[in-house]
>>> print(open('structure_26.txt').read())   # compact mmCIF, C-alpha atoms and all ligand atoms
# COMPACT_ATOMS: atom_id res chain seq x y z
CA ASP A 3 122.22 50.89 18.36
CA ALA A 4 121.75 51.99 14.75
CA ALA A 5 124.19 49.35 13.42
CA GLY A 6 122.51 46.52 15.35
CA LEU A 7 119.06 47.59 14.14
CA PHE A 8 120.42 47.73 10.59
CA GLU A 9 121.64 44.14 10.85
CA ARG A 10 118.13 43.10 11.94
CA ARG A 11 116.67 45.03 9.01
CA ARG A 12 118.88 43.08 6.64
CA ARG A 13 117.63 39.79 8.04
CA HIS A 14 113.91 40.14 7.31
CA PHE A 15 113.37 43.30 5.25
CA ALA A 16 114.06 42.15 1.68
CA ARG A 17 117.40 43.51 0.55
CA PRO A 18 116.44 44.90 -2.86
CA GLN A 19 114.78 47.63 -0.77
CA LYS A 20 117.97 49.62 -0.42
CA ASN A 21 118.85 52.20 2.18
CA TYR A 22 120.25 55.65 1.46
CA TYR A 23 123.52 54.95 3.28
CA ARG A 24 125.66 51.93 4.08
CA LYS A 25 125.76 53.00 7.73
CA PRO A 26 122.62 55.07 8.17
CA PRO A 27 121.70 56.94 11.34
CA GLU A 28 118.59 55.60 13.08
CA ILE A 29 116.00 58.31 12.63
CA GLU A 30 113.14 58.73 15.04
CA ARG A 31 111.34 61.98 14.34
CA GLY A 32 110.81 64.59 11.65
CA TRP A 33 109.92 68.27 11.77
CA LYS A 34 109.53 70.45 8.67
CA GLU A 35 112.68 69.93 6.56
CA HIS A 36 114.62 68.22 9.35
CA LEU A 37 114.95 64.65 10.59
CA PHE A 38 116.30 63.76 14.03
CA ASP A 39 118.12 60.58 14.99
CA VAL A 40 117.67 58.69 18.26
CA GLU A 41 120.43 60.77 19.83
CA GLY A 42 118.63 63.98 18.90
CA ARG A 43 121.03 64.96 16.10
CA ALA A 44 119.40 67.01 13.32
CA TYR A 45 119.75 66.25 9.61
CA LEU A 46 118.58 68.54 6.85
CA ASP A 47 116.48 66.37 4.52
CA MET A 48 117.31 67.68 1.04
CA VAL A 49 116.30 64.58 -0.87
CA ASN A 50 112.80 63.67 0.25
CA ASN A 51 110.55 64.37 -2.68
CA VAL A 52 107.45 63.06 -0.88
CA THR A 53 106.93 65.15 2.24
CA ILE A 54 106.16 68.36 0.37
CA VAL A 55 104.49 70.16 3.30
CA GLY A 56 107.27 68.97 5.63
CA HIS A 57 107.69 66.26 8.22
CA GLY A 58 105.35 65.97 11.21
CA HIS A 59 102.84 68.59 10.10
CA PRO A 60 100.35 68.96 13.01
CA ARG A 61 97.42 69.88 10.75
CA LEU A 62 97.91 66.68 8.82
CA SER A 63 98.23 64.49 11.92
CA ALA A 64 95.05 66.02 13.34
CA ALA A 65 93.12 65.56 10.09
CA ILE A 66 94.23 61.93 9.69
CA GLY A 67 93.38 61.09 13.32
CA ARG A 68 89.97 62.71 13.10
CA GLN A 69 88.99 60.98 9.85
CA TRP A 70 90.44 57.64 10.96
CA SER A 71 88.31 57.58 14.10
CA LEU A 72 85.23 58.71 12.18
CA LEU A 73 85.32 56.51 9.07
CA ASN A 74 87.72 54.70 6.78
CA THR A 75 86.50 52.41 4.03
CA ASN A 76 86.69 52.08 0.26
CA SER A 77 85.25 53.89 -2.71
CA ARG A 78 82.52 51.32 -3.35
CA PHE A 79 80.72 53.14 -0.55
CA HIS A 80 79.27 56.60 -1.04
CA TYR A 81 80.77 59.40 1.08
CA ALA A 82 81.61 63.07 0.64
CA ALA A 83 85.42 63.00 0.92
CA VAL A 84 86.01 61.18 -2.38
CA VAL A 85 83.64 63.48 -4.25
CA GLU A 86 85.18 66.62 -2.79
CA PHE A 87 88.77 65.51 -3.37
CA CYS A 88 88.11 64.57 -7.01
CA GLU A 89 86.40 67.95 -7.54
CA ARG A 90 89.48 69.69 -6.17
CA LEU A 91 91.89 67.66 -8.33
CA ALA A 92 89.79 68.34 -11.42
CA GLY A 93 89.85 72.03 -10.45
CA LEU A 94 93.66 71.99 -10.41
CA ALA A 95 93.95 70.29 -13.80
CA PRO A 96 93.56 72.07 -17.15
CA GLU A 97 90.03 72.39 -18.46
CA GLY A 98 88.60 69.17 -19.79
CA LEU A 99 90.71 66.92 -17.56
CA ASP A 100 87.91 66.41 -15.11
CA THR A 101 87.86 62.65 -14.52
CA VAL A 102 89.87 61.17 -11.67
CA PHE A 103 90.99 57.69 -10.57
CA LEU A 104 92.45 57.45 -7.07
CA VAL A 105 95.22 54.91 -6.41
CA ASN A 106 98.02 54.43 -3.87
CA SER A 107 101.30 55.21 -5.61
CA GLY A 108 103.03 56.64 -8.65
CA SER A 109 103.72 53.19 -10.07
CA GLU A 110 100.05 52.30 -9.91
CA ALA A 111 99.05 55.62 -11.43
CA ASN A 112 101.42 55.07 -14.39
CA ASP A 113 100.29 51.45 -14.81
CA LEU A 114 96.70 52.59 -14.96
CA ALA A 115 97.58 55.43 -17.36
CA ILE A 116 99.23 52.95 -19.73
CA ARG A 117 96.21 50.67 -19.47
CA LEU A 118 93.96 53.62 -20.31
CA ALA A 119 96.13 54.49 -23.32
CA TRP A 120 95.89 50.87 -24.50
CA ALA A 121 92.13 50.79 -24.06
CA ALA A 122 91.50 54.21 -25.63
CA SER A 123 93.76 53.63 -28.65
CA GLY A 124 93.14 49.94 -29.21
CA ALA A 125 96.93 49.61 -29.59
CA ARG A 126 99.86 48.55 -27.37
CA ASN A 127 102.96 50.42 -28.53
CA MET A 128 104.24 53.05 -26.10
CA LEU A 129 107.05 55.55 -26.56
CA SER A 130 109.07 56.44 -23.48
CA LEU A 131 112.21 58.51 -23.03
CA LEU A 132 115.60 57.04 -22.29
CA GLU A 133 116.91 57.75 -18.75
CA ALA A 134 113.36 57.71 -17.36
CA TYR A 135 111.93 56.18 -14.19
CA HIS A 136 108.17 55.65 -13.97
CA GLY A 137 107.77 52.95 -11.32
CA TRP A 138 108.30 49.33 -10.39
CA THR A 139 104.98 47.65 -11.32
CA VAL A 140 105.09 45.55 -14.48
CA ALA A 141 103.95 48.16 -17.02
CA SER A 142 105.50 51.21 -15.31
CA ASP A 143 108.79 49.31 -15.01
CA ALA A 144 108.64 48.35 -18.68
CA VAL A 145 108.65 52.03 -19.71
CA SER A 146 111.42 52.85 -17.17
CA THR A 147 114.63 52.99 -19.14
CA SER A 148 117.06 54.30 -16.55
CA ILE A 149 120.06 52.01 -16.24
CA ALA A 150 120.72 53.44 -12.76
CA ASP A 151 117.45 51.95 -11.54
CA ASN A 152 117.64 48.79 -13.64
CA PRO A 153 120.97 47.92 -15.32
CA GLU A 154 119.11 45.49 -17.61
CA ALA A 155 116.65 48.19 -18.65
CA LEU A 156 117.65 48.33 -22.27
CA THR A 157 117.90 44.63 -22.95
CA THR A 158 114.79 43.39 -21.20
CA ARG A 159 112.16 45.74 -22.64
CA PRO A 160 108.99 44.05 -23.85
CA GLY A 161 108.28 44.58 -27.56
CA TRP A 162 105.61 47.21 -26.96
CA VAL A 163 108.08 49.67 -25.39
CA HIS A 164 109.94 51.95 -27.80
CA PRO A 165 112.55 54.12 -26.09
CA VAL A 166 113.21 57.53 -27.59
CA VAL A 167 116.61 59.26 -27.54
CA SER A 168 117.11 61.14 -24.28
CA PRO A 169 116.22 64.85 -24.61
CA ASN A 170 118.88 65.56 -21.96
CA THR A 171 120.23 68.85 -23.29
CA TYR A 172 123.37 68.66 -21.14
CA ARG A 173 124.54 65.12 -21.71
CA GLY A 174 122.27 63.85 -24.51
CA PRO A 175 123.39 63.12 -28.07
CA PHE A 176 123.66 66.79 -29.08
CA ARG A 177 125.48 67.95 -25.93
CA GLY A 178 123.89 71.36 -25.55
CA ALA A 179 124.45 72.13 -29.24
CA GLY A 180 121.25 70.61 -30.57
CA SER A 181 118.10 72.53 -31.42
CA THR A 182 114.61 71.45 -30.39
CA GLY A 183 114.20 70.27 -33.98
CA ASP A 184 117.09 67.81 -33.56
CA TYR A 185 115.42 66.24 -30.54
CA VAL A 186 111.98 66.24 -32.16
CA ALA A 187 113.49 64.46 -35.18
CA THR A 188 114.47 61.58 -32.89
CA VAL A 189 110.81 61.16 -31.88
CA SER A 190 109.61 61.33 -35.46
CA ALA A 191 112.25 58.76 -36.48
CA LYS A 192 110.93 56.37 -33.85
CA LEU A 193 107.35 56.94 -35.00
CA SER A 194 108.34 56.39 -38.64
CA GLU A 195 109.86 53.02 -37.68
CA LEU A 196 106.46 52.01 -36.27
CA ASP A 197 104.63 53.43 -39.29
CA ASP A 198 106.87 51.48 -41.66
CA LYS A 199 106.08 48.26 -39.84
CA GLY A 200 102.36 49.09 -39.89
CA GLN A 201 102.32 49.17 -36.06
CA LYS A 202 99.71 51.31 -34.33
CA LEU A 203 100.64 53.65 -31.50
CA ALA A 204 99.01 53.59 -28.04
CA GLY A 205 100.78 56.56 -26.52
CA PHE A 206 103.75 58.47 -25.20
CA ILE A 207 104.77 58.74 -21.54
CA SER A 208 107.31 61.19 -20.14
CA GLU A 209 108.15 63.41 -17.26
CA THR A 210 107.67 67.04 -18.19
CA VAL A 211 110.92 68.19 -16.62
CA TYR A 212 113.51 65.45 -16.84
CA GLY A 213 113.60 64.46 -13.18
CA ASN A 214 115.54 61.26 -13.05
CA ALA A 215 118.36 62.86 -15.03
CA GLY A 216 118.57 65.63 -12.43
CA GLY A 217 115.74 68.07 -13.14
CA ILE A 218 116.70 69.06 -16.67
CA PRO A 219 114.01 71.03 -18.55
CA LEU A 220 113.09 69.54 -21.92
CA PRO A 221 114.09 71.54 -25.02
CA PRO A 222 111.54 74.37 -25.54
CA GLY A 223 108.68 73.21 -27.74
CA TYR A 224 109.73 69.55 -27.53
CA LEU A 225 106.52 68.22 -25.97
CA GLU A 226 104.30 70.34 -28.19
CA ALA A 227 105.84 68.78 -31.28
CA ALA A 228 105.99 65.27 -29.82
CA TYR A 229 102.38 65.40 -28.59
CA ALA A 230 101.16 66.58 -32.01
CA MET A 231 102.88 63.68 -33.78
CA VAL A 232 101.58 61.17 -31.24
CA ARG A 233 98.01 62.46 -31.44
CA ALA A 234 98.10 62.47 -35.25
CA ARG A 235 98.56 58.69 -34.95
CA GLY A 236 95.72 58.23 -32.46
CA GLY A 237 98.10 57.94 -29.46
CA VAL A 238 97.45 59.19 -25.93
CA THR A 239 99.89 61.54 -24.19
CA ILE A 240 100.75 60.87 -20.53
CA ALA A 241 102.51 63.42 -18.31
CA ASP A 242 104.17 61.76 -15.32
CA GLU A 243 103.91 64.53 -12.70
CA VAL A 244 104.69 62.19 -9.80
CA GLN A 245 107.87 64.05 -8.83
CA VAL A 246 107.76 67.31 -10.68
CA GLY A 247 104.12 68.33 -10.27
CA TYR A 248 102.21 69.81 -7.34
CA GLY A 249 104.13 73.06 -6.94
CA ARG A 250 107.70 71.76 -6.62
CA LEU A 251 108.86 73.76 -9.65
CA GLY A 252 107.81 76.96 -7.89
CA HIS A 253 107.23 78.79 -11.15
CA TYR A 254 104.57 76.25 -12.18
CA PHE A 255 102.13 73.96 -10.39
CA TRP A 256 102.44 71.27 -13.11
CA GLY A 257 105.59 70.53 -15.08
CA PHE A 258 103.73 70.46 -18.41
CA GLU A 259 102.98 74.18 -17.98
CA GLU A 260 106.70 74.81 -18.46
CA GLN A 261 106.37 73.22 -21.93
CA GLY A 262 103.09 75.03 -22.64
CA VAL A 263 101.20 71.78 -23.37
CA VAL A 264 98.17 69.95 -22.01
CA PRO A 265 98.52 66.16 -21.81
CA ASP A 266 95.64 63.69 -22.21
CA ILE A 267 96.49 62.01 -18.90
CA ILE A 268 98.23 63.37 -15.79
CA THR A 269 99.66 60.96 -13.22
CA VAL A 270 100.40 62.24 -9.74
CA ALA A 271 101.44 60.69 -6.39
CA LYS A 272 104.27 61.21 -3.87
CA GLY A 273 103.74 64.74 -2.51
CA MET A 274 99.97 64.69 -2.90
CA GLY A 275 99.79 62.43 0.18
CA ASN A 276 102.91 63.83 1.91
CA GLY A 277 103.92 60.24 2.69
CA HIS A 278 100.46 58.74 3.03
CA PRO A 279 100.03 56.31 0.07
CA LEU A 280 98.08 58.33 -2.46
CA GLY A 281 98.15 58.63 -6.22
CA ALA A 282 95.82 59.79 -8.97
CA VAL A 283 95.21 59.62 -12.69
CA ILE A 284 93.48 62.71 -14.04
CA THR A 285 92.13 62.58 -17.58
CA ARG A 286 89.24 63.34 -19.91
CA ARG A 287 86.01 61.38 -19.61
CA GLU A 288 86.27 59.93 -23.14
CA ILE A 289 89.68 58.37 -22.39
CA THR A 290 88.02 56.31 -19.65
CA GLU A 291 85.10 55.13 -21.77
CA ALA A 292 86.89 52.18 -23.38
CA LEU A 293 87.97 50.92 -19.95
CA GLU A 294 84.42 51.29 -18.73
CA LYS A 295 83.31 48.98 -21.55
CA GLU A 296 86.10 46.47 -20.80
CA GLY A 297 85.16 46.14 -17.17
CA TYR A 298 85.80 48.14 -14.07
CA PHE A 299 88.60 49.54 -11.98
CA PHE A 300 88.81 49.15 -8.24
CA SER A 301 91.47 49.84 -5.62
CA SER A 302 90.79 48.70 -2.05
CA SER A 303 92.47 51.74 -0.54
CA GLY A 304 92.59 54.21 -3.44
CA GLY A 305 90.04 56.90 -2.66
CA SER A 306 89.61 55.92 1.00
CA PRO A 307 88.11 58.61 3.26
CA VAL A 308 91.44 58.91 5.13
CA GLY A 309 93.40 59.16 1.87
CA CYS A 310 91.06 61.82 0.49
CA VAL A 311 91.20 63.87 3.69
CA VAL A 312 94.99 63.65 3.67
CA GLY A 313 94.97 64.82 0.04
CA MET A 314 92.69 67.76 0.75
CA THR A 315 94.63 68.78 3.86
CA VAL A 316 97.90 68.75 1.87
CA LEU A 317 96.26 71.07 -0.68
CA ASP A 318 95.00 73.34 2.12
CA ILE A 319 98.48 73.55 3.64
CA LEU A 320 100.12 74.17 0.25
CA HIS A 321 97.71 77.06 -0.22
CA ASP A 322 97.68 78.52 3.32
CA GLU A 323 101.46 78.38 3.72
CA ALA A 324 102.09 79.53 0.11
CA LEU A 325 104.49 76.63 -0.40
CA GLN A 326 104.65 76.83 -4.18
CA GLU A 327 105.66 80.47 -3.80
CA ASN A 328 108.23 79.41 -1.19
CA ALA A 329 109.58 76.78 -3.60
CA ARG A 330 110.01 79.53 -6.20
CA MET A 331 111.72 82.04 -3.90
CA VAL A 332 113.93 79.68 -1.91
CA GLY A 333 114.57 77.58 -5.04
CA ASP A 334 115.74 80.61 -7.06
CA HIS A 335 117.99 81.65 -4.18
CA LEU A 336 119.43 78.16 -3.77
CA LYS A 337 120.00 77.76 -7.51
CA ALA A 338 121.93 81.04 -7.62
CA ARG A 339 124.09 79.96 -4.68
CA LEU A 340 124.79 76.57 -6.31
CA GLN A 341 125.54 78.19 -9.66
CA ALA A 342 128.17 80.32 -7.95
CA LEU A 343 130.01 77.07 -7.12
CA THR A 344 130.44 76.42 -10.87
CA ASP A 345 133.03 79.23 -11.04
CA ARG A 346 134.97 77.97 -8.04
CA PHE A 347 135.02 74.21 -8.57
CA PRO A 348 135.68 72.53 -11.97
CA LEU A 349 133.91 69.41 -10.67
CA VAL A 350 130.57 71.27 -10.79
CA GLY A 351 129.64 70.78 -14.44
CA ALA A 352 126.16 72.29 -14.31
CA VAL A 353 123.25 73.17 -12.05
CA HIS A 354 119.95 71.97 -13.48
CA GLY A 355 116.31 72.58 -12.67
CA MET A 356 114.06 75.17 -11.12
CA GLY A 357 112.16 75.75 -7.90
CA LEU A 358 112.97 73.02 -5.39
CA TYR A 359 113.69 70.54 -8.15
CA LEU A 360 117.41 70.99 -8.69
CA GLY A 361 120.37 68.87 -9.73
CA VAL A 362 124.08 69.58 -9.37
CA GLU A 363 125.94 67.54 -11.97
CA PHE A 364 129.55 66.59 -11.18
CA VAL A 365 131.97 65.89 -14.03
CA ARG A 366 135.68 65.09 -14.16
CA ASP A 367 136.10 67.03 -17.36
CA ARG A 368 133.85 69.75 -18.71
CA GLU A 369 134.73 68.88 -22.30
CA THR A 370 134.14 65.12 -22.23
CA LEU A 371 131.53 65.36 -19.43
CA GLU A 372 133.07 62.25 -17.87
CA PRO A 373 130.72 61.60 -14.93
CA ALA A 374 132.25 61.98 -11.45
CA THR A 375 130.36 59.01 -10.03
CA GLU A 376 132.67 57.99 -7.17
CA GLU A 377 133.21 61.62 -6.22
CA THR A 378 129.43 62.17 -6.01
CA ALA A 379 129.00 59.18 -3.69
CA ALA A 380 131.84 60.41 -1.48
CA ILE A 381 130.39 63.94 -1.39
CA CYS A 382 127.01 62.56 -0.26
CA ASP A 383 128.71 60.52 2.49
CA ARG A 384 130.63 63.58 3.68
CA LEU A 385 127.44 65.68 3.63
CA LEU A 386 125.84 63.17 6.00
CA ASP A 387 128.68 63.79 8.50
CA LEU A 388 127.83 67.49 8.26
CA GLY A 389 124.12 66.87 8.89
CA VAL A 390 122.72 66.87 5.35
CA ILE A 391 120.86 63.99 3.72
CA MET A 392 121.62 63.90 0.00
CA GLN A 393 121.76 61.23 -2.70
CA PRO A 394 123.02 60.85 -6.28
CA THR A 395 120.65 60.48 -9.24
CA GLY A 396 120.95 60.13 -13.04
CA ASP A 397 122.08 57.22 -15.19
CA HIS A 398 125.68 57.77 -14.00
CA LEU A 399 124.76 58.59 -10.38
CA ASN A 400 126.74 61.81 -10.69
CA VAL A 401 123.98 64.34 -10.02
CA LEU A 402 122.85 65.57 -6.59
CA LYS A 403 119.12 64.95 -6.25
CA ILE A 404 117.90 68.16 -4.60
CA LYS A 405 114.18 67.71 -3.87
CA PRO A 406 113.55 68.89 -0.31
CA PRO A 407 110.20 69.61 1.35
CA LEU A 408 108.67 72.76 -0.17
CA CYS A 409 108.71 74.44 3.26
CA LEU A 410 112.53 74.63 3.05
CA SER A 411 113.62 77.86 4.71
CA ARG A 412 116.13 80.26 3.19
CA GLU A 413 118.42 79.52 6.16
CA SER A 414 118.29 75.78 5.44
CA ALA A 415 119.01 76.45 1.75
CA ASP A 416 122.03 78.52 2.78
CA PHE A 417 123.15 75.80 5.18
CA PHE A 418 123.04 73.26 2.34
CA ALA A 419 124.98 75.52 -0.04
CA ASP A 420 127.55 76.28 2.70
CA MET A 421 128.04 72.62 3.55
CA LEU A 422 128.41 71.65 -0.12
CA ALA A 423 130.98 74.42 -0.60
CA LYS A 424 132.83 73.20 2.50
CA VAL A 425 132.97 69.62 1.21
CA LEU A 426 134.19 70.79 -2.21
CA GLU A 427 136.82 73.01 -0.59
CA GLU A 428 138.11 70.41 1.82
CA GLY A 429 137.96 67.48 -0.59
CA TRP A 430 136.04 64.40 0.34
N1 LIG A 501 107.24 58.36 -11.60
C1 LIG A 501 108.27 59.11 -11.20
C2 LIG A 501 108.73 60.23 -12.07
C3 LIG A 501 108.91 58.84 -9.99
O1 LIG A 501 109.94 59.59 -9.59
C4 LIG A 501 108.44 57.77 -9.19
C5 LIG A 501 109.08 57.44 -7.84
N2 LIG A 501 110.42 57.75 -7.72
C6 LIG A 501 107.38 57.00 -9.65
C7 LIG A 501 106.79 57.33 -10.85
C8 LIG A 501 106.86 55.83 -8.86
O2 LIG A 501 106.16 56.25 -7.75
P1 LIG A 501 105.94 55.29 -6.50
O3 LIG A 501 107.27 55.07 -5.85
O4 LIG A 501 104.97 56.04 -5.64
O5 LIG A 501 105.35 54.02 -7.00
>>> encode(input="structure_26.txt", output="structure tokens")
Amino acid sequence: DAAGLFERRRRHFARPQKNYYRKPPEIERGWKEHLFDVEGRAYLDMVNNVTIVGHGHPRLSAAIGRQWSLLNTNSRFHYAAVVEFCERLAGLAPEGLDTVFLVNSGSEANDLAIRLAWAASGARNMLSLLEAYHGWTVASDAVSTSIADNPEALTTRPGWVHPVVSPNTYRGPFRGAGSTGDYVATVSAKLSELDDKGQKLAGFISETVYGNAGGIPLPPGYLEAAYAMVRARGGVTIADEVQVGYGRLGHYFWGFEEQGVVPDIITVAKGMGNGHPLGAVITRREITEALEKEGYFFSSSGGSPVGCVVGMTVLDILHDEALQENARMVGDHLKARLQALTDRFPLVGAVHGMGLYLGVEFVRDRETLEPATEETAAICDRLLDLGVIMQPTGDHLNVLKIKPPLCLSRESADFFADMLAKVLEEGW
């Protein structure tokens, strides 16, 4: 049974690799936005930010099987798939960002981006935003400041990481009252500290919509101002599009479009492989030149024929099934339904985000914004009973992390909103 299997998992599968639930159902199969347990019970997967074209997509299974039986090797060999995939990624990026590294995950992509910033600038100091998550590898973890992911985050930073005040417009230092200028001033203060100490800047890494905090858009014009100050000091700007990019926002393919900026480096992973390990760093040729002089970069599986075919098939499906458009339409509908809950339930402090990148933030008091952490955990547990998979996010774990497959139907969105309303009505 599921409990027995879970005990076995705990014996040999290292425990820091946590599960979504204390008593999770044993899942066996996935189809579109649903997962099915061994007894055939359906769960609506509202949290999986990886399977963007949905679970069990037959076109993807067929493409993987075909390429696997034909050829799989590494990018030291010469084959068409890696060339074609990089051409397509360069085609999706803003003009000038035409140079691609292929890796296996978001953490690796961010590690490589930081290494590129170091090499291109000849400096080490990186700015990163408070409340951020960028990965678990040594450098990506160092710039991850979220205390939900790592309670020691703020006391164990290496000296080259300089956290900037969170531009969380709901809960940040200005609590919705601040102007973009107030937030920008916090970046310039951090840069002045470095200037005063005569320390050179390597770069600035951030998500372009504040994902870990629950999908909160940055203040308008924030990145434009921050990027200008960083570039004036010879720093490299990195947009972490691992969660937010690739059509999830519905209204935009990349999150940085929402801010009207073009970064020097884009990192992408998660959805681009729909669950197959796949990540990329997309940048300008000149940013890669210093690394080329230092040595070389190689990933045994990054850029494999199977990986590239998966990546291209995901792009084909996104296009053919108009999934970005679906994320916009269903996301707008879902956001409106969730916003309606704000009037009925004082616990619903705010609904953040856009497209299928939404966050419902629960608070005990709308004045103090005291986070409703225990309530959020209980609501997620109750949602599981009702057939919905949902998890908390944010530094206080009081925000629902709504990042379903982009094929989410309007009916499934309504089901989620209905079930959430039911839980809030009944208590948890
Ligand atoms: N950046 C962001 C914004 C992420 O959300 C994540 C994963 N949650 C990562 C990087 C790391 O990606 P991965 O788990 O593929 O290493």
>>> axis_aligned_box(input="structure_26.txt", around="range 181-200 of chain A", padding_each_side="3 Å", output="JSON")
{"center_x": 110.2, "center_y": 60.4, "center_z": -36.0, "size_x": 21.7, "size_y": 30.3, "size_z": 17.3}
>>> closest_atom_pairs(input="structure_26.txt", of="chain A", to="ligand LIG 501 (chain A)", cutoff="8 Å", atoms="all atoms listed in the file", output="Markdown table")
| residue | atom | partner | partner_atom | distance |
| --- | --- | --- | --- | --- |
| A:Asn106 | CA | A:LIG501 | O4 | 7.4 |
| A:Ser107 | CA | A:LIG501 | O4 | 3.8 |
| A:Gly108 | CA | A:LIG501 | O2 | 3.3 |
| A:Ser109 | CA | A:LIG501 | O5 | 3.6 |
| A:Glu110 | CA | A:LIG501 | O5 | 6.3 |
| A:Ala111 | CA | A:LIG501 | O5 | 7.9 |
| A:Asn112 | CA | A:LIG501 | C7 | 6.8 |
| A:Ala134 | CA | A:LIG501 | C2 | 7.5 |
| A:Tyr135 | CA | A:LIG501 | C1 | 5.6 |
| A:His136 | CA | A:LIG501 | N1 | 3.7 |
| A:Gly137 | CA | A:LIG501 | C8 | 3.9 |
| A:Trp138 | CA | A:LIG501 | O5 | 6.5 |
| A:Thr139 | CA | A:LIG501 | O5 | 7.7 |
| A:Ser142 | CA | A:LIG501 | C7 | 7.7 |
| A:Glu209 | CA | A:LIG501 | C2 | 6.1 |
| A:Gly213 | CA | A:LIG501 | C2 | 6.5 |
| A:Asn214 | CA | A:LIG501 | O1 | 6.8 |
| A:Asp242 | CA | A:LIG501 | C2 | 5.8 |
| A:Glu243 | CA | A:LIG501 | C2 | 6.5 |
| A:Val244 | CA | A:LIG501 | C1 | 4.9 |
| A:Gln245 | CA | A:LIG501 | O1 | 5.0 |
| A:Val246 | CA | A:LIG501 | C2 | 7.3 |
| A:Ala271 | CA | A:LIG501 | O4 | 5.9 |
| A:Lys272 | CA | A:LIG501 | O4 | 5.5 |
| A:Pro279 | CA | A:LIG501 | O4 | 7.6 |
| A:Leu280 | CA | A:LIG501 | O4 | 7.9 |
| A:Gly281 | CA | A:LIG501 | O4 | 7.3 |
>>> closest_residue(input="structure_26.txt", among="A:Arg346, A:His278, A:Arg12, A:Lys403", to="Asp47 in chain A", atoms="all atoms listed in the file")
A:Lys403
>>> residues_around(input="structure_26.txt", residues="Ala380 in chain A", least_positions_apart="5", cutoff="10 Å", atoms="all atoms listed in the file", output="VMD selection string")
chain A and resid 375 385 to 386 425 429 to 430
>>> atom_distance(input="structure_26.txt", atom1="CA of Ala83 in chain A", atom2="CA of Asp318 in chain A")
14.1 Å
>>> atom_distance(input="structure_26.txt", atom1="CA of Ala5 in chain A", atom2="CA of Arg17 in chain A")
15.7 Å
>>> closest_residue(input="structure_26.txt", among="A:Phe417, A:Glu89, A:Leu7, A:Ala150", to="Pro394 in chain A", atoms="only C-alpha atoms")
A:Ala150
>>> residues_near_point(input="structure_26.txt", point="(113.8, 58.4, -30.8)", cutoff="10 Å", atoms="all atoms listed in the file", output="list in words")
Leu129, Ser130, Leu131, Leu132, His164, Pro165, Val166, Val167, Ser168, Pro169, Tyr185, Val186, Ala187, Thr188, Val189, Ser190, Ala191, Lys192, Leu193, Ser194 and Glu195 of chain A
>>> residues_around(input="structure_26.txt", residues="Ile240 in chain A", least_positions_apart="4", cutoff="7 Å", atoms="all atoms listed in the file", output="list in words")
Phe206, Ile207, Ser208, Pro265, Asp266, Ile267 and Ile268 of chain A
>>> write_last_selection(input="structure_26.txt", atoms="C-alpha atoms", output="PDB file, in the coordinates of the input")
ATOM      1  CA  PHE A 206     103.750  58.470 -25.200  1.00  0.00           C
ATOM      2  CA  ILE A 207     104.770  58.740 -21.540  1.00  0.00           C
ATOM      3  CA  SER A 208     107.310  61.190 -20.140  1.00  0.00           C
ATOM      4  CA  PRO A 265      98.520  66.160 -21.810  1.00  0.00           C
ATOM      5  CA  ASP A 266      95.640  63.690 -22.210  1.00  0.00           C
ATOM      6  CA  ILE A 267      96.490  62.010 -18.900  1.00  0.00           C
ATOM      7  CA  ILE A 268      98.230  63.370 -15.790  1.00  0.00           C
TER       8      ILE A 268
END
>>> residues_near_point(input="structure_26.txt", point="(122.4, 66.1, -2.3)", cutoff="6 Å", atoms="only C-alpha atoms", output="PDB file with C-alpha atoms, in the coordinates of the input")
ATOM      1  CA  MET A 392     121.620  63.900   0.000  1.00  0.00           C
ATOM      2  CA  GLN A 393     121.760  61.230  -2.700  1.00  0.00           C
ATOM      3  CA  LEU A 402     122.850  65.570  -6.590  1.00  0.00           C
ATOM      4  CA  LYS A 403     119.120  64.950  -6.250  1.00  0.00           C
ATOM      5  CA  ILE A 404     117.900  68.160  -4.600  1.00  0.00           C
TER       6      ILE A 404
END
